[in-house]
Every structure is written in structure tokens, then in C-alpha cells.
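Encoded as C-alpha cells, the structure appears first; notes follow it.
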Amino acid sequence: MFRFLRILACTLLSVAGMAQAADKYSIIPEPGRTELKPQATRTLKLLSDKAEASLGKDAYRLAVTPGGVHLASGGREGRLYGQATLRQLQDQLAAQPEGIPCGVIKDKPRYSWRGLMVDPARHFIPLADLKKFADLMAYYKFNKLQLHLTDDQGWRLPVPGYPRLKSVASKRAESFGNRTPHEGMYTREELKELVAYCAERGIEVIPEIDLPGHNQALAAAYPEFFCFPDPGTKVRTTGGVSLHLVCPHKPEIWKFYSAVFDALKDIFPSKIVHLGGDEAPLEKTWEKCPLSVKYRQKKGMKDVHEELKEFEGKMASMLAARGKRPQLWYEKPWAEAGIYRKGDTVFTWRMGLTPSTITETKKQGLPLIIAAGEHCYLDYPQIPGQDNRGWMPTTTLEQSYKLDPAYGRPEKETDHIIGVQATMWAEQLPTLNHLLYRTYPRAMAIAEAGWTPMNVRSWDNFRRKVADHRAFVLKRFNYDLERTKENEPPFK
């Protein structure tokens, strides 16, 4: 009788212990298919790691057993993603040593492009900070990092033969009246180091050189590149849209951008260069430029958009000669004027216009990346009442999570969509702490939007996982994901 009671007690203790084990995985982004088993495991030792080409290059299968884990992957990307999932499970097990479920995860991304854009042009981001940013990206299976390297407020790309980019264009007197000088310029070696660091983590680095507009910093350094040269031009210290557009009829600019594209070819293995192309007030610049007026008359051009189409075509040809192709922010007037060439990849970004842009780009034959302002602009505050600089809308975590890149449309209408991207415009984000605070946890929602099929996504499940990931990220990256109205890093 005593022996029976002892066995019963041990059994009850075992059952109680198992009851404390986790009954779900906390993986972000949610895998496409998960089959949980009734058993639990307290070890995630990697028992096998094999290639299985039939899975597809970016797919993997992870089998969690009582004795450890078996990983199979279809290619390098799939293996990296499987390893990323395993890291999250290891972090979950460390937080729940009673055990996590056994099961089989069969997974691949919904979209091939899952990006984040950072903006060192507005506030310089040191190399060490970019590396930490990339570490978090890899943890959540992002695979594209877009570097917005030039804008009105600063130029960060070194270009041989143009020293005033560093001595003038990379510096400004202050930022929004704070009376604090700001500057920064990457070296060629630093950018190459970043590219290699990201490549090890499955992240492609995409440089962005904004043109023809957003170029006041360049105008401060080389005013002769512009329609109305002003030697007194200073690097911009506020936001807004500048009237500084490079003049397409100055021979100097073609020599300059040839050198820029040579520098990009040397530094960035990516076949893509983002050429900006947004917020270019042609009617206030090229339309009035004497050289442009004369050129349009000579060529019989009906308007300034024909001139722009020729300009963009020349830039694309210069990139093509270097084995690269352009990407651009989508502007409806440009589309209506036929500026984009079939096959050009564009980003939808303007608030509320993504549904119509999906329709238009499908008809135009333009691959599309979703960076919809109402979901993906992560420089906006995430909690009502936080600093919005007097104009920014609030984009909550739930609002970011609501993004369906296809907007509920069937595949035949959306098969030109290649992915999603969140943007962190940095006019108001002066440090890494400010950048990470606004990027996360909303970037986790964008990661799931880009990776996970809609039929396995759940807001309630996502909220549970975000709560779990606070401990994971704190331990692994020494970064706290807690977000309250009051705990944002202060702005000067």
C-alpha cells in the first residue's frame, strides 16, 4: 500500500510539473504551420542539421523532440531562419525551464522582402549602433536594411574626389533649434564592415541616394550642381520639403553621380540602389530654371515631367552599367506622367493611398513593396499622448499589426507585391535609444505581416508573444521592450 501511494504521489508531482510547462511556442513572426505534440522537452540540443533542397531555399523544418531538435532547410536563407526560430525557442525554454512543447514547425516567408529603413542622413547612426539594430532585425527574420544616406539635413556617403561632402555636407549647425551641432560621415571601410556583418545574418544592405530632391546638404557643399546656385546655402536644420533639386543640365552633376554610383558599386554588393524620387517640387524649380526651359523648348517637350522621365532614365542607365537597378518611392503624379519604367520596384508610402496604389502598380507592371504610412511609419508615436512634434499621428502596436500587405485582395490582384518595409525617418530620433524605442515592438508586428499567412495570424496570440519576448530581448540584447506613455527617452 505504501509503495502504491509513493508511486501515485510521484505521478501526481510529475503531472503537476508538466502542467507548469508551456503549452505554446512564442515565436515571432508566427510560423506558417505548427503541429504541437503532447510531450514536452527540457532540452533544445541540435541533434541534426541537414540540407533538404525540396523545401525551397528560404524554407525550413524544425522538429522538437524530448531529446532535442532536428533542423532541415532548403538553402542558406532557410537555415538562417530555422536557426533564428531555434534561438527564440531557446530563450523561451530559459524563461520556462519546466519545458516547452514538442512539435514540428514547417515554415517559410509569405514575402521575399521584409525590410526596415533607417535614416542616418537626419541623425547619424554610428556603426556599432547599426550592428545592434541588425542583430535585432535578424532575431525577427528581417532580411533587408535600407540605409537612407543622403538628405537635406546631411550627406553620409564618402565619394572620392568630393571632399566637401565631409567638410560641409555632413555637418549642420543644430537640429530643430536645439543649438547643438550635429555631424557624421561613414568611411568606406565602416560601410563595408556593416555589409559583411549584415550578410552573416542574412540581411542585404540597400543604399539610398535621394534625388533629384532632398538635396540641400549637397547644395551647401556644391551649389554649382543646382538650378539657382547660392553660395550661402547651409545644410538644413529643420524638416519639410526643400526646393534644392539638382539641375539635369549641369555637366558637373553627371560626373558627380557617376562617382557616387562607382562608390556604391565598390561598397555595396546589392544589385539595388534606392534613388528616392519623392517630394520633388518640379513646378518651383525645373519649371523655372532657364537651362531647363531652354532644353524643353529645344527638345519639344510638353512639360517638365518629360524632362524628369529623361533624367530618371539616364540615372537608371548609369546604374545598369554598374550591374544595378533602381528603386523609388511611388508618387502618383510621376506614375501618371509615365516616369516609372515597367519592372521598376516602387514603395507605397503615402497615408491612405496604398489600396489605389496596389491597383495602379499592378496595371503598370511595377513590383511593389508595402510601406503604408498608417501602419509602417514607425517614427510616429506608438502611445497616445507621447511626443508627436505637433503633427504626427499615433500608430499603435495594434494598428501596425492590422497590416495585411495584400489588403484582403486575391493573389491574382496582388502577385506583384514582393514584400513589406517599415520606415524610421530620423528627424526626431537623435540616438539609438530613440530609434529602438519607436521601432519596437511595432517592428515585430511588421515582421509578422511580412512573414506569416493571414489564416494563422492572431492579435491575441501576438500580444501574448510580445509579453513573453520582453524577457527574451532583455536577456539576449540587454534592451527593455516595456512601453508606457511616460517611459520614452526624453527629447532635448
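Following the order of the C-alpha cells, chains are lettered A, B, ..., residues in each are numbered from 1, and ligands are numbered from 1.
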Check your understanding: What's the 10 Å shell around A:Gly338, counting only C-alpha atoms, without same-chain residues fewer than 5 positions away, as an MDAnalysis selection string?
Key -> chainID A and resid 305:306 308:309 332:333 364
Practice item. As a VMD selection string, list the residues of stretch 154-375 of chain A assigned to strand (DSSP E) by DSSP on the backbone atoms of this structure. Key: chain A and resid 154 to 155 171 to 172 182 to 183 204 to 208 272 to 274 325 to 329 345 to 348 368 to 370
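Take the candidates A:Asp266, A:Gly154, A:Lys255, A:Asp303 and check each one against A:Lys234 using only C-alpha atoms; the shortest distance goes to A:Gly154.
With distances restricted to only C-alpha atoms, A:Glu77 is the closest residue to A:Gly202 from A:Glu77, A:Glu98, A:Asp107, A:Glu287.
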**Study point:** Residues within 10 Å of stretch 212-215 of chain A, only C-alpha atoms, excluding chain neighbours under 2 positions, as a ChimeraX atom specification
**Key:** /A:150-155,169,209-210,217-220,226,235-236,240-248,275-282,285,308,311-312
